[in-house]
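Novice: Here you go, one structure.
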Amino acid sequence: MKGLFIILGVIGAIFVIWLCVWLYGQSLNNSIVAKDEAVKAKWGDVQSQYQRRSDLIPNLVATVKGVANFEKSTLVEVTDARARATSIQVDPTKLDPATIQKYQAAQGQLSTALGRLMVASERYPDLKANQNFSDLQASLEGTENRINVARMDFNASVQDYNTTIRSFPYSIVAGSHGYAAKGSFTAEAGAQNAPKVSF
């Protein structure tokens, strides 16, 4: 009889230890899930700001087209870059570094094309005096600032998530549940070089 109580006590102790470990693992998993969802929410904010910019472009192009002799190749470049940027769809559950880099490259091409459009518009006083163009230009500048903030918030969220899944004991849970590191936005190529200004 005494042996039966010892066996039941050992089994009970093993069960209690197993239950504690399981509950602790679930707690760690829930923390990772919360951080993963935060990354997805921040990604939604990034996409929303890029969409806002994309939605402003047709009105900007239409306004610029109204100016006689404006460089058609610049407008075509902006339109094509917008089409490429909006064609890339990113699944928020697959925010790996390669996907983020591809998305960033397409958005960077659009930023470059818009920059060329703004520089070219300086040569057209009628366009600069157009109130609609000025309003759209101000909206685009504000949107670029919002994009920058959204990207910084996304990067901070990704850093928090990646740090968590690589830290012990979270790394054990992350590995067993298939959580992988997420990609973040990086500086554009050549961003470390100061722009050349000539007068």
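Labeling convention for the structure tokens: chains A, B, ... as they appear, residues from 1 per chain, ligands from 1 in order of appearance.
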If we count only C-alpha atoms, what is near A:Ile147 at a cut-off of 12 Å, once residues fewer than 5 positions away on the same chain are taken out, given as a VMD selection string?

Specialist: chain A and resid 42 to 54 104 107 to 108 111 140 to 142 152 to 154 185

Novice: Sort by chain and increasing residue number a table of all residues of stretch 101-185 of chain A within 8 Å of stretch 32-40 of chain A, each with its closest pair of atoms and their distance in Å to one decimal, counting only C-alpha atoms, and write it as JSON lines.

Specialist:
```
{"residue": "A:Phe154", "atom": "CA", "partner": "A:Val39", "partner_atom": "CA", "distance": 6.4}
{"residue": "A:Ser157", "atom": "CA", "partner": "A:Val39", "partner_atom": "CA", "distance": 5.4}
{"residue": "A:Val158", "atom": "CA", "partner": "A:Val39", "partner_atom": "CA", "distance": 5.9}
{"residue": "A:Asp160", "atom": "CA", "partner": "A:Lys35", "partner_atom": "CA", "distance": 7.4}
{"residue": "A:Tyr161", "atom": "CA", "partner": "A:Lys35", "partner_atom": "CA", "distance": 5.4}
{"residue": "A:Thr164", "atom": "CA", "partner": "A:Ile32", "partner_atom": "CA", "distance": 7.2}
{"residue": "A:Ile165", "atom": "CA", "partner": "A:Ile32", "partner_atom": "CA", "distance": 7.1}
{"residue": "A:Tyr170", "atom": "CA", "partner": "A:Ile32", "partner_atom": "CA", "distance": 7.7}
{"residue": "A:Ala174", "atom": "CA", "partner": "A:Ile32", "partner_atom": "CA", "distance": 7.6}
```

Novice: Between atom CA of A:Leu28 and atom CA of A:Lys182, measure the distance and give it in Å to one decimal.

Specialist: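 Separation between atom CA of A:Leu28 and atom CA of A:Lys182: 18.3 Å.
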
Novice: Of the candidates A:Arg151, A:Gly12, A:Ala180, A:Ala113, which shows the shortest atom-to-atom distance to A:Thr93, using only C-alpha atoms?

Specialist: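 Nearest candidate to A:Thr93 out of A:Arg151, A:Gly12, A:Ala180, A:Ala113: A:Ala180.
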
Novice: Could you pull out the helix (DSSP H, G or I) residues of stretch 82-189 of chain A from DSSP and send them as an MDAnalysis selection string?

Specialist: chainID A and resid 82:87 97:121 125:129 131:166 170:177

Novice: Out of A:Val10, A:Ala106, A:Val16, A:Ala98, which residue has the shortest atom-to-atom distance to A:Gly183 when counting only C-alpha atoms?

Specialist: A:Ala98

Novice: Counting only C-alpha atoms, which residue out of A:Thr112, A:Ser184, A:Asn148, A:Asn155 sits closest to A:Ala81?

Specialist: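 Among A:Thr112, A:Ser184, A:Asn148, A:Asn155, it is A:Thr112 that comes nearest to A:Ala81.
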
Novice: To one decimal place, how far is atom CA of A:Lys72 from atom CA of A:Thr86 in Å?

Specialist: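 Computed distance, atom CA of A:Lys72 to atom CA of A:Thr86, equals 21.3 Å.
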
Novice: Go through A:Leu8, A:Leu56, A:Ile88, A:Lys2 and flag the residue nearest A:Phe133, using only C-alpha atoms for the distances.

Specialist: A:Leu56
